[in-house]
Every structure is written in structure tokens, then in C-alpha cells.
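See structure below.
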Amino acid sequence: MTLRTTPPFRADHVGSLLRPPALLDARAQHASGELSAEALTAVEDASIRDVVRMQENVGLQTVTDGEFRRTSWHMDFIYQLGGVDKTDEKLMVHFRNSEGELDFEAAALKVHDRVTLTDTIFADAFTFLRDAANTVQTPKLTIPSPSMLHYRGGRAAIDEQVYPDLDAFWTDLTDAYAEQVRRLGTLGCTYLQLDDTSLAYLNDPAQRAMVAQQGGDAEHQHETYIRNINAALRDRPADMNVTTHMCRGNFRSSWAAEGGYDFVAEALFTQLDVDGFFLEYDDARSGGFEPLRFVPPGKMVVLGLVTTKSGALEDPDTLKRRIDEASRYLPLDQLCLSPQCGFSSSVEGNTLTQAEQVAKLELVVKVAADVWG
């Protein structure tokens with residue numbers, strides 16, 4: 001098999017990377033008023049140039065800015081949509097890991113006016129990455145799926161005076177996204193990833209029960225999301241490759257939901273209009289490969305077999321056996337390899353070191369080369 005020249009690549013990664021200590025220090029100094037916004041940007045720029053070279057040295061065709069300018073993978077984007085604001089209320093998300101449980105508290109949101117797009121979100125971040133990348137690296141921009149604005153707060157977060165009918169909300173939201181995607185294309189973005197935990201969470205009966213308690217249609221909410229993601233992508237440029245990444249939560253090496261992809265698989269793989277799916281498959285909590293039988297020809301699946309939740313390095317032969325298992329349900333030529341999620345979905349990051357992160361990425365590149373050539 002030959003090297004893929006369009007995304008997703010045989011060896012790929014989700015997007016976020018551990019923030020270097022100098023950047024974390026600069027953020028803290030900026031928050032306390034000791035460092036100006038301009039000085040913080042300079043530290044971000046230097047950190048991104050370094051992490052771009054790291055990805056080059058590892059041998060990746062994909063390059064991201066590690067989401068170094070963000071606090072979280074999704075809210076930095078969502079709060080920049082017109083009509084959406086933070087509230088004084090707090091949203092509590094319950095996470096678990098092998099050692100116990102922890103809660104993540106974040107500001108809730110309110111859709112208080114019609115959803116619009118004014119400035120192109122992350123435009124400056126993308127153009128800086130584009131210019132920092134070398135000619136063999138494909139810059140990837142990650143943004144949250146439109147589903148996340150709805151899943152984050154549900155109907156209760158959407159002002160009924162503004163949107164008595166949710167169809168109008170979805171129309172405005174997908175119009176804003178379609179314009180965002182169009183503008184990114186004019187900036188030269190040819191690799192866009194929509195990050196979407198909701199489509200993975202809805203495989204978990206406990207999450208569906210929560211949706212039902214909120215008054216949502218738990219049995220069909222994933223279908224609503226799929227239709228609206230497709231609407232958001234309806235006018236994407238012909239040269240833009242779009243993937244989606246689905247995981248069950250990733251905060252300080254912890255997770256929030258469990259269950260295989262069985263519940264959403266048929267609708268997801270056959271109806272979602274993307275070029276590839278990044279799927280979390282780093283442990284038994286993610287279920288088996290059987291749902292891959294629904295993936296149609298021409299669509300790629302990036303197997304997230306390498307965990308970002310610990311620094312322990314996977315055995316290459318075990319990874320190859322798991323790829324072989326997946327190929328029983330989907331041809332090997334439609335498969336790729338990556339870590340299961342980002343290394344730092346929020347600024348806090350997962351519990352592994354910078355060196356362990358690099359070793360994980362090197363492992364992905366090596367195993368992909370062994371399997372696909």
C-alpha cells in the first residue's frame with residue numbers, strides 16, 4: 001500500500017498536545033496581570049513553532065498547533081459565536097479513571113440571541129500554523145462540532161423567547177458553521193476536524209437517560225446531530241478534507257462515558273458526510289470493532305489504539321494484532337492509526353510527560369509504516 005497524500009493519514013493524531021511549562025507559566029502570569037497580552041502571544045508563537053518542528057521530527061504528515069492558544073478544546077470556539085455567552089451558573093461533568101473519580105466544573109452557556117458568525121473563529125491561529133508548517137506537513141484545524149453547543153446545555157440553555165422552535169436554532173447554527181467552513185477554505189485550510197463527544201456519549205445508556213430526563217429524544221438525538229453536521233458542511237470547498245473525532249471524555253487522564261459505537265454506528269457511518277472518523281479504541285470501555293462493518297467504501301477510520309491517558313508505551317505487535325482484528329470488518333486500506341484522543345483536551349493536560357507524548361507519536365508513525373508501508 002502507498003503513502004496517503006490526503007487526510008486522514010496512516011499515522012495521524014487528534015490535535016491537542018501537552019502545553020510546555022513556559023507556556024503554562026506565561027498563561028499564569030497573564031492571568032495575574034504580570035504579563036501583557038502581546039507578551040503572551042509571543043510565548044504562544046514560540047511554543048507553536050517548537051511543537052510544529054516536533055511533529056516534523058516525529059515523521060507526521062499532520063501538523064496542529066497543539067491547541068496552545070486555547071483553554072479547552074470546545075468552549076474557546078463556542079463562546080465566540082454570536083448569541084452565545086457564559087453564565088454565572090456552573091456545569092459539572094463527572095469523570096472517572098482507574099484511580100477514582102473527579103469532577104470538572106466549567107461555566108455554563110446561554111443562547112441569548114440569534115446564533116451568528118461575525119469574525120472567522122481561529123483565523124489568526126490557523127494562518128500562523130499554516131505559515132509555520134513546512135511544505136510536507138498538512139495543517140489541521142480542530143473545532144467543536146455544532147452538536148456540542150446543543151449537547152452542552154440542551155433545550156434549557158436556549159432562550160425560548162429567541163428560539164421557540166428549535167428548527168430555527170439549528171438553521172442559524174448550521175448557517176454560521178457553513179460560513180465558518182467557507183471562510184476557512186479561503187485561508188487555505190484543507191484539513192478540518194469536527195470534535196464531537198456527543199456522538200460517542202450517546203452510546204452510553206446513562207447518557208441517554210440523562211438526555212431523556214432533560215426532555216430530549218434520547219433514541220434519535222444522534223440522528224438530529226448527523227443531519228445538522230451535514231448541513232454545516234454543505235458548502236465546504238472541494239479540496240477540504242473533513243474528519244470527525246469522537247471520544248467519551250478526556251480530562252486529566254479521566255473519562256466520562258463508556259460503551260461501544262453500536263448504538264450510533266449505522267446512522268453515523270452511513271449518513272455523516274465526512275471523509276474519516278477518528279475513533280477511540282484504547283481499552284475495553286470503547287467496545288469492539290464490529291460496528292465498523294457499517295462504514296461504506298471510500299470512508300476512512302482512524303483507529304485510536306494508543307492511549308493518551310498514561311505514559312505507558314503500547315507493544316507494537318499488540319497494536320498490529322488489533323489493526324488486523326479491525327480489518328476483519330473494514331478493509332485494511334480504509335484504516336489508519338492514531339492516539340485515542342488529544343494529549344491535552346484542556347489546558348491542564350493528561351498525566352504523562354512531554355517525552356512520553358513524543359514516544360507515543362513516534363510509536364504511531366513506526367507501526368503505521370510497518371503495517372501500510
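Going through the C-alpha cells in order, the chains are called A, B, and so on, while each chain numbers its residues from 1 and the ligands are numbered from 1 in the order shown.
For Gln334 (chain A), the non-local neighbours within 8 Å, defined as residues at least 2 positions apart in the same chain or in other chains and counting only C-alpha atoms, are Pro297, Gly298, Lys299, Met300, Val301, Leu330, Pro331, Leu332 and Cys336 of chain A.
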Produce a file of the selected residues containing N, CA and C atoms, as a compact mmCIF listing (two decimals), in the first residue's frame.
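The new file selection_16.txt reads:
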```
# COMPACT_ATOMS: atom_id res chain seq x y z
N PRO A 297 -17.55 2.03 1.52
CA PRO A 297 -16.32 2.22 0.76
C PRO A 297 -16.01 3.71 0.59
N GLY A 298 -14.73 4.03 0.65
CA GLY A 298 -14.30 5.41 0.46
C GLY A 298 -14.15 6.21 1.73
N LYS A 299 -14.73 5.74 2.83
CA LYS A 299 -14.58 6.43 4.11
C LYS A 299 -13.43 5.81 4.89
N MET A 300 -12.69 6.66 5.61
CA MET A 300 -11.54 6.20 6.38
C MET A 300 -11.90 6.15 7.86
N VAL A 301 -11.29 5.20 8.56
CA VAL A 301 -11.41 5.10 10.01
C VAL A 301 -10.01 5.15 10.60
N LEU A 330 -13.49 -4.04 8.24
CA LEU A 330 -13.27 -2.95 7.30
C LEU A 330 -11.93 -3.18 6.63
N PRO A 331 -11.84 -3.06 5.29
CA PRO A 331 -10.57 -3.34 4.60
C PRO A 331 -9.41 -2.53 5.18
N LEU A 332 -8.26 -3.15 5.21
CA LEU A 332 -7.07 -2.51 5.77
C LEU A 332 -6.78 -1.17 5.08
N CYS A 336 -6.44 3.68 9.43
CA CYS A 336 -5.26 4.45 9.81
C CYS A 336 -5.07 4.26 11.31
```
Practice prompt. For Thr64 (chain A), please output as a ChimeraX atom specification all residues within 7 Å (counting only C-alpha atoms; exclusion window: fewer than 2 positions along the same chain).
Written response: /A:15,62,66,139-141
Practice prompt. Find the residues near Val84 (chain A): any atom within 7 Å, counting only C-alpha atoms, skip ones fewer than 6 places away on the same chain, and give them as a PyMOL selection string.
Written response: chain A and resi 109-112+115
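Taking CA of Thr127 (chain A) as the reference point, CA of Ala11 (chain A) is found at 23.6 Å.
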Residues of region 129-215 of chain A within 12 Å of region 266-289 of chain A: nearest atom pair and distance (Å, one decimal) for each, counting only C-alpha atoms, sorted by chain and number, as JSON lines?
```
{"residue": "A:Ser145", "atom": "CA", "partner": "A:Val274", "partner_atom": "CA", "distance": 11.9}
{"residue": "A:Thr190", "atom": "CA", "partner": "A:Asp275", "partner_atom": "CA", "distance": 11.9}
{"residue": "A:Tyr191", "atom": "CA", "partner": "A:Asp275", "partner_atom": "CA", "distance": 10.1}
{"residue": "A:Leu192", "atom": "CA", "partner": "A:Val274", "partner_atom": "CA", "distance": 10.0}
{"residue": "A:Gln193", "atom": "CA", "partner": "A:Gly276", "partner_atom": "CA", "distance": 9.2}
{"residue": "A:Leu194", "atom": "CA", "partner": "A:Val274", "partner_atom": "CA", "distance": 9.4}
{"residue": "A:Asp195", "atom": "CA", "partner": "A:Phe278", "partner_atom": "CA", "distance": 9.1}
{"residue": "A:Asp196", "atom": "CA", "partner": "A:Phe278", "partner_atom": "CA", "distance": 10.2}
{"residue": "A:Thr197", "atom": "CA", "partner": "A:Glu280", "partner_atom": "CA", "distance": 10.5}
{"residue": "A:Ser198", "atom": "CA", "partner": "A:Leu268", "partner_atom": "CA", "distance": 11.9}
{"residue": "A:Leu199", "atom": "CA", "partner": "A:Leu268", "partner_atom": "CA", "distance": 8.3}
{"residue": "A:Ala200", "atom": "CA", "partner": "A:Leu279", "partner_atom": "CA", "distance": 8.9}
{"residue": "A:Tyr201", "atom": "CA", "partner": "A:Ser286", "partner_atom": "CA", "distance": 10.7}
{"residue": "A:Leu202", "atom": "CA", "partner": "A:Leu268", "partner_atom": "CA", "distance": 11.6}
{"residue": "A:Asn203", "atom": "CA", "partner": "A:Ser286", "partner_atom": "CA", "distance": 9.7}
{"residue": "A:Asp204", "atom": "CA", "partner": "A:Ser286", "partner_atom": "CA", "distance": 10.2}
```
Same residues, N, CA, C and O atoms, output as a short mmCIF file (atom, residue, chain, number, x, y, z; two decimals), in the first residue's frame:
```cif
data_model
loop_
_atom_site.label_atom_id
_atom_site.label_comp_id
_atom_site.auth_asym_id
_atom_site.auth_seq_id
_atom_site.Cartn_x
_atom_site.Cartn_y
_atom_site.Cartn_z
N SER A 145 -17.80 20.28 16.95
CA SER A 145 -18.95 20.05 16.11
C SER A 145 -20.10 20.96 16.55
O SER A 145 -20.21 21.31 17.73
N THR A 190 -7.21 22.84 4.32
CA THR A 190 -7.60 21.65 3.57
C THR A 190 -7.82 20.44 4.46
O THR A 190 -8.12 19.36 3.97
N TYR A 191 -7.67 20.63 5.79
CA TYR A 191 -7.87 19.54 6.74
C TYR A 191 -8.57 20.13 7.96
O TYR A 191 -7.97 20.84 8.75
N LEU A 192 -9.86 19.84 8.08
CA LEU A 192 -10.68 20.34 9.17
C LEU A 192 -11.24 19.16 9.95
O LEU A 192 -11.71 18.19 9.35
N GLN A 193 -11.18 19.25 11.26
CA GLN A 193 -11.71 18.18 12.11
C GLN A 193 -12.78 18.74 13.04
O GLN A 193 -12.55 19.74 13.73
N LEU A 194 -13.95 18.09 13.03
CA LEU A 194 -15.02 18.43 13.96
C LEU A 194 -14.96 17.48 15.14
O LEU A 194 -15.19 16.28 14.99
N ASP A 195 -14.64 18.02 16.30
CA ASP A 195 -14.57 17.19 17.52
C ASP A 195 -15.96 17.10 18.13
O ASP A 195 -16.63 18.11 18.33
N ASP A 196 -16.39 15.88 18.45
CA ASP A 196 -17.77 15.67 18.88
C ASP A 196 -17.84 14.55 19.90
O ASP A 196 -17.80 13.38 19.54
N THR A 197 -17.93 14.91 21.18
CA THR A 197 -18.09 13.87 22.19
C THR A 197 -19.52 13.35 22.24
O THR A 197 -19.75 12.21 22.66
N SER A 198 -20.50 14.15 21.82
CA SER A 198 -21.89 13.76 21.99
C SER A 198 -22.21 12.47 21.26
O SER A 198 -22.95 11.62 21.77
N LEU A 199 -21.66 12.29 20.07
CA LEU A 199 -21.98 11.09 19.28
C LEU A 199 -21.39 9.83 19.91
O LEU A 199 -21.88 8.72 19.66
N ALA A 200 -20.35 9.99 20.71
CA ALA A 200 -19.82 8.85 21.46
C ALA A 200 -20.56 8.69 22.78
O ALA A 200 -20.88 7.57 23.20
N TYR A 201 -20.85 9.80 23.46
CA TYR A 201 -21.56 9.74 24.73
C TYR A 201 -22.91 9.04 24.59
O TYR A 201 -23.36 8.32 25.49
N LEU A 202 -23.59 9.27 23.47
CA LEU A 202 -24.94 8.72 23.30
C LEU A 202 -24.96 7.21 23.16
O LEU A 202 -26.04 6.60 23.18
N ASN A 203 -23.81 6.58 23.06
CA ASN A 203 -23.74 5.12 23.12
C ASN A 203 -23.93 4.61 24.54
O ASN A 203 -24.21 3.43 24.74
N ASP A 204 -23.74 5.48 25.52
CA ASP A 204 -23.80 5.11 26.93
C ASP A 204 -25.25 5.22 27.41
O ASP A 204 -25.84 6.31 27.37
#
```
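Between CA of Ala368 (chain A) and CA of Thr243 (chain A) the interatomic distance comes to 18.8 Å.
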Worksheet item: With only C-alpha atoms as the atoms that count, which of A:Lys366, A:Arg53, A:Arg27, A:Lys360 lies nearest to Lys320 (chain A)?
Response: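 Ranked by minimum distance to Lys320 (chain A), first place goes to A:Lys366.
For region 31-42 of chain A, the non-local neighbours within 12 Å, defined as residues at least 3 positions apart in the same chain or in other chains and counting only C-alpha atoms, are Ala22, Leu23, Leu24, Asp25, Ala26, Arg27, Ala28, Asp45, Ala46, Ser47, Ile48, Arg49, Phe68, Arg69, Arg70, Asp124, Ala125 and Phe128 of chain A.
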Would you output that residue set with N, CA, C and O atoms, as a PDB file, in the first residue's frame?
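What landed in part-v5.pdb:
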```
ATOM      1  N   ALA A  22       6.859  26.609  29.802  1.00  0.00           N
ATOM      2  CA  ALA A  22       6.998  28.056  29.573  1.00  0.00           C
ATOM      3  C   ALA A  22       5.666  28.683  29.196  1.00  0.00           C
ATOM      4  O   ALA A  22       5.363  29.826  29.587  1.00  0.00           O
ATOM      5  N   LEU A  23       4.853  27.957  28.451  1.00  0.00           N
ATOM      6  CA  LEU A  23       3.547  28.474  28.062  1.00  0.00           C
ATOM      7  C   LEU A  23       2.591  28.506  29.251  1.00  0.00           C
ATOM      8  O   LEU A  23       1.844  29.479  29.443  1.00  0.00           O
ATOM      9  N   LEU A  24       2.613  27.456  30.061  1.00  0.00           N
ATOM     10  CA  LEU A  24       1.768  27.436  31.254  1.00  0.00           C
ATOM     11  C   LEU A  24       2.135  28.573  32.203  1.00  0.00           C
ATOM     12  O   LEU A  24       1.255  29.225  32.777  1.00  0.00           O
ATOM     13  N   ASP A  25       3.438  28.807  32.356  1.00  0.00           N
ATOM     14  CA  ASP A  25       3.892  29.906  33.214  1.00  0.00           C
ATOM     15  C   ASP A  25       3.419  31.248  32.661  1.00  0.00           C
ATOM     16  O   ASP A  25       2.972  32.132  33.415  1.00  0.00           O
ATOM     17  N   ALA A  26       3.524  31.425  31.352  1.00  0.00           N
ATOM     18  CA  ALA A  26       3.111  32.684  30.734  1.00  0.00           C
ATOM     19  C   ALA A  26       1.612  32.896  30.894  1.00  0.00           C
ATOM     20  O   ALA A  26       1.162  34.030  31.158  1.00  0.00           O
ATOM     21  N   ARG A  27       0.833  31.845  30.767  1.00  0.00           N
ATOM     22  CA  ARG A  27      -0.616  31.959  30.965  1.00  0.00           C
ATOM     23  C   ARG A  27      -0.929  32.416  32.398  1.00  0.00           C
ATOM     24  O   ARG A  27      -1.787  33.268  32.618  1.00  0.00           O
ATOM     25  N   ALA A  28      -0.246  31.809  33.358  1.00  0.00           N
ATOM     26  CA  ALA A  28      -0.472  32.175  34.754  1.00  0.00           C
ATOM     27  C   ALA A  28      -0.084  33.633  35.007  1.00  0.00           C
ATOM     28  O   ALA A  28      -0.799  34.364  35.711  1.00  0.00           O
ATOM     29  N   ASP A  45       3.486  31.899  20.215  1.00  0.00           N
ATOM     30  CA  ASP A  45       4.094  31.756  18.884  1.00  0.00           C
ATOM     31  C   ASP A  45       5.333  30.877  18.944  1.00  0.00           C
ATOM     32  O   ASP A  45       5.502  29.957  18.126  1.00  0.00           O
ATOM     33  N   ALA A  46       6.208  31.154  19.901  1.00  0.00           N
ATOM     34  CA  ALA A  46       7.445  30.376  20.024  1.00  0.00           C
ATOM     35  C   ALA A  46       7.145  28.919  20.359  1.00  0.00           C
ATOM     36  O   ALA A  46       7.776  27.991  19.809  1.00  0.00           O
ATOM     37  N   SER A  47       6.179  28.695  21.244  1.00  0.00           N
ATOM     38  CA  SER A  47       5.820  27.328  21.631  1.00  0.00           C
ATOM     39  C   SER A  47       5.247  26.562  20.455  1.00  0.00           C
ATOM     40  O   SER A  47       5.523  25.365  20.271  1.00  0.00           O
ATOM     41  N   ILE A  48       4.454  27.230  19.641  1.00  0.00           N
ATOM     42  CA  ILE A  48       3.851  26.566  18.475  1.00  0.00           C
ATOM     43  C   ILE A  48       4.917  26.243  17.433  1.00  0.00           C
ATOM     44  O   ILE A  48       4.902  25.156  16.833  1.00  0.00           O
ATOM     45  N   ARG A  49       5.837  27.158  17.206  1.00  0.00           N
ATOM     46  CA  ARG A  49       6.917  26.840  16.259  1.00  0.00           C
ATOM     47  C   ARG A  49       7.680  25.596  16.723  1.00  0.00           C
ATOM     48  O   ARG A  49       8.032  24.730  15.914  1.00  0.00           O
ATOM     49  N   PHE A  68      -2.614  25.295  21.497  1.00  0.00           N
ATOM     50  CA  PHE A  68      -1.866  26.019  22.517  1.00  0.00           C
ATOM     51  C   PHE A  68      -2.489  27.366  22.879  1.00  0.00           C
ATOM     52  O   PHE A  68      -2.206  27.914  23.943  1.00  0.00           O
ATOM     53  N   ARG A  69      -3.307  27.928  21.985  1.00  0.00           N
ATOM     54  CA  ARG A  69      -3.908  29.231  22.283  1.00  0.00           C
ATOM     55  C   ARG A  69      -5.250  29.090  23.002  1.00  0.00           C
ATOM     56  O   ARG A  69      -5.901  30.088  23.288  1.00  0.00           O
ATOM     57  N   ARG A  70      -5.666  27.859  23.291  1.00  0.00           N
ATOM     58  CA  ARG A  70      -6.974  27.623  23.897  1.00  0.00           C
ATOM     59  C   ARG A  70      -6.845  27.163  25.347  1.00  0.00           C
ATOM     60  O   ARG A  70      -5.835  26.599  25.748  1.00  0.00           O
ATOM     61  N   ASP A 124      -6.677  33.706  12.888  1.00  0.00           N
ATOM     62  CA  ASP A 124      -5.269  34.048  13.118  1.00  0.00           C
ATOM     63  C   ASP A 124      -4.468  32.822  13.553  1.00  0.00           C
ATOM     64  O   ASP A 124      -3.309  32.650  13.147  1.00  0.00           O
ATOM     65  N   ALA A 125      -5.087  31.973  14.385  1.00  0.00           N
ATOM     66  CA  ALA A 125      -4.393  30.767  14.836  1.00  0.00           C
ATOM     67  C   ALA A 125      -4.080  29.860  13.657  1.00  0.00           C
ATOM     68  O   ALA A 125      -2.972  29.302  13.564  1.00  0.00           O
ATOM     69  N   PHE A 128      -1.293  31.374  11.303  1.00  0.00           N
ATOM     70  CA  PHE A 128       0.036  31.236  11.908  1.00  0.00           C
ATOM     71  C   PHE A 128       0.541  29.809  11.743  1.00  0.00           C
ATOM     72  O   PHE A 128       1.704  29.586  11.361  1.00  0.00           O
TER      73      PHE A 128
END
```
Worksheet entry | Selected residue, from A:Glu356, A:Asp165, A:Glu179, A:Asp333, that lies nearest to Arg236 (chain A) when counting only C-alpha atoms | A:Glu179
Worksheet entry | Distance query Thr138 (chain A) at most 10 Å, only C-alpha atoms, self and fewer than 2 positions along chain excluded, as a list of chain:residue names |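 So the residues in contact are A:Thr5, A:Thr6, A:Pro7, A:Pro8, A:Phe9, A:Leu60, A:Gln61, A:Thr62, A:Val63, A:Thr64, A:Leu129, A:Arg130, A:Ala133, A:Asn134, A:Thr135, A:Val136, A:Lys140, A:Leu141, A:Cys189, A:Thr190, A:Tyr191.
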Fill in: Test item, alpha helix (DSSP H) assignment across region 34-279 of chain A, answer as a ChimeraX atom specification
/A:37-58,75-78,123-132,147-153,166-186,198-201,205-213,221-232,262-271
Practice prompt. Do a neighbour search on region 71-83 of chain A at 9 Å with only C-alpha atoms, toss out local chain neighbours closer than 2 positions, and write the hits as a ChimeraX atom specification.
Written response: /A:16,67-69,85-86,109-119,121-122,142-146,148-149,173,176,195,344-348
Using only N, CA, C and O atoms, please write the residues we just selected to a file, as a compact mmCIF listing (two decimals), in the first residue's frame.
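Okay, again.txt is ready:
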```txt
# COMPACT_ATOMS: atom_id res chain seq x y z
N SER A 16 -4.80 18.07 20.09
CA SER A 16 -4.23 18.79 21.23
C SER A 16 -2.96 18.10 21.72
O SER A 16 -2.83 16.88 21.67
N GLU A 67 -3.40 23.20 19.91
CA GLU A 67 -4.45 23.98 20.59
C GLU A 67 -3.85 24.84 21.71
O GLU A 67 -4.49 25.11 22.72
N PHE A 68 -2.61 25.29 21.50
CA PHE A 68 -1.87 26.02 22.52
C PHE A 68 -2.49 27.37 22.88
O PHE A 68 -2.21 27.91 23.94
N ARG A 69 -3.31 27.93 21.98
CA ARG A 69 -3.91 29.23 22.28
C ARG A 69 -5.25 29.09 23.00
O ARG A 69 -5.90 30.09 23.29
N ASP A 85 -23.23 33.23 25.23
CA ASP A 85 -22.44 33.82 26.30
C ASP A 85 -22.25 32.84 27.45
O ASP A 85 -23.05 31.91 27.63
N LYS A 86 -21.21 33.07 28.23
CA LYS A 86 -21.05 32.37 29.50
C LYS A 86 -22.13 32.85 30.47
O LYS A 86 -22.66 33.95 30.33
N LEU A 109 -23.40 27.87 29.55
CA LEU A 109 -23.60 28.80 28.45
C LEU A 109 -25.09 29.09 28.30
O LEU A 109 -25.94 28.34 28.77
N LYS A 110 -25.37 30.18 27.63
CA LYS A 110 -26.75 30.55 27.33
C LYS A 110 -26.81 31.09 25.90
O LYS A 110 -26.01 31.97 25.53
N VAL A 111 -27.72 30.55 25.11
CA VAL A 111 -28.00 31.10 23.80
C VAL A 111 -29.06 32.18 24.03
O VAL A 111 -30.24 31.88 24.21
N HIS A 112 -28.63 33.44 24.06
CA HIS A 112 -29.49 34.55 24.46
C HIS A 112 -29.98 35.37 23.29
O HIS A 112 -30.81 36.28 23.44
N ASP A 113 -29.44 35.07 22.08
CA ASP A 113 -29.82 35.82 20.89
C ASP A 113 -29.62 34.91 19.69
O ASP A 113 -29.12 33.78 19.83
N ARG A 114 -29.98 35.39 18.51
CA ARG A 114 -29.80 34.58 17.32
C ARG A 114 -28.32 34.21 17.15
O ARG A 114 -27.43 35.04 17.34
N VAL A 115 -28.06 32.96 16.82
CA VAL A 115 -26.69 32.49 16.63
C VAL A 115 -26.17 33.01 15.30
O VAL A 115 -26.80 32.82 14.25
N THR A 116 -25.01 33.66 15.35
CA THR A 116 -24.41 34.23 14.15
C THR A 116 -22.90 34.01 14.17
O THR A 116 -22.32 33.63 15.19
N LEU A 117 -22.28 34.29 13.04
CA LEU A 117 -20.83 34.31 12.95
C LEU A 117 -20.42 35.71 12.52
O LEU A 117 -20.89 36.20 11.50
N THR A 118 -19.55 36.33 13.29
CA THR A 118 -19.03 37.63 12.89
C THR A 118 -17.59 37.43 12.38
O THR A 118 -17.40 37.21 11.19
N ASP A 119 -16.62 37.47 13.27
CA ASP A 119 -15.24 37.20 12.85
C ASP A 119 -15.05 35.71 12.60
O ASP A 119 -15.70 34.86 13.22
N ILE A 121 -13.62 32.45 13.32
CA ILE A 121 -13.07 31.95 14.58
C ILE A 121 -11.79 31.17 14.32
O ILE A 121 -11.74 30.31 13.42
N PHE A 122 -10.76 31.47 15.08
CA PHE A 122 -9.43 30.85 14.98
C PHE A 122 -8.72 31.18 13.66
O PHE A 122 -7.79 30.46 13.27
N THR A 142 -8.76 22.01 14.32
CA THR A 142 -9.81 21.30 15.04
C THR A 142 -10.78 22.31 15.62
O THR A 142 -10.37 23.31 16.23
N ILE A 143 -12.08 22.05 15.42
CA ILE A 143 -13.11 22.88 16.03
C ILE A 143 -14.21 21.96 16.55
O ILE A 143 -14.36 20.83 16.06
N PRO A 144 -14.98 22.40 17.53
CA PRO A 144 -16.05 21.55 18.02
C PRO A 144 -17.17 21.41 16.98
O PRO A 144 -17.45 22.35 16.23
N SER A 145 -17.80 20.28 16.95
CA SER A 145 -18.95 20.05 16.11
C SER A 145 -20.10 20.96 16.55
O SER A 145 -20.21 21.31 17.73
N PRO A 146 -21.01 21.33 15.64
CA PRO A 146 -22.18 22.12 16.06
C PRO A 146 -23.03 21.40 17.11
O PRO A 146 -23.72 22.06 17.89
N MET A 148 -22.10 20.20 19.77
CA MET A 148 -21.64 20.47 21.12
C MET A 148 -22.35 21.67 21.75
O MET A 148 -22.50 21.72 22.97
N LEU A 149 -22.77 22.65 20.94
CA LEU A 149 -23.49 23.78 21.50
C LEU A 149 -24.82 23.32 22.09
O LEU A 149 -25.24 23.78 23.15
N LEU A 173 -27.56 28.04 13.50
CA LEU A 173 -26.27 27.46 13.90
C LEU A 173 -25.54 26.86 12.71
O LEU A 173 -24.34 27.09 12.52
N ALA A 176 -24.17 29.52 10.42
CA ALA A 176 -22.95 30.11 10.96
C ALA A 176 -21.76 29.20 10.71
O ALA A 176 -20.67 29.65 10.31
N ASP A 195 -14.64 18.02 16.30
CA ASP A 195 -14.57 17.19 17.52
C ASP A 195 -15.96 17.10 18.13
O ASP A 195 -16.63 18.11 18.33
N SER A 344 -4.09 16.84 25.54
CA SER A 344 -4.40 17.96 26.44
C SER A 344 -5.68 18.63 25.97
O SER A 344 -5.65 19.76 25.47
N SER A 345 -6.81 17.94 26.14
CA SER A 345 -8.09 18.49 25.69
C SER A 345 -8.42 19.79 26.41
O SER A 345 -9.14 20.63 25.88
N SER A 346 -7.92 19.95 27.60
CA SER A 346 -7.98 21.22 28.32
C SER A 346 -6.56 21.61 28.68
O SER A 346 -5.63 20.81 28.56
N VAL A 347 -6.40 22.83 29.13
CA VAL A 347 -5.05 23.34 29.36
C VAL A 347 -4.29 22.51 30.41
O VAL A 347 -3.05 22.46 30.40
N GLU A 348 -5.02 21.81 31.30
CA GLU A 348 -4.37 21.04 32.36
C GLU A 348 -3.55 19.88 31.81
O GLU A 348 -2.51 19.53 32.36
```
Item to complete: For CA of Gln340 (chain A) and CA of His245 (chain A), quote the distance in Å rounded to one decimal.
Response: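 Separating CA of Gln340 (chain A) from CA of His245 (chain A) is a distance of 9.2 Å.
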Fill in: DSSP strand (DSSP E or B) residues within region 47-292 of chain A, listed as a PyMOL selection string
chain A and resi 62-63+72+82-97+100-116+138-139+141-144+158+191-195+241-246+251+254-255+276-280
Item to complete: Counting only C-alpha atoms, figure out which residue out of A:Thr186, A:Ser327, A:Gln180, A:Asn230 gets nearest to Val295 (chain A).
Response: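 Of A:Thr186, A:Ser327, A:Gln180, A:Asn230, the one nearest Val295 (chain A), counting only C-alpha atoms, is A:Ser327.
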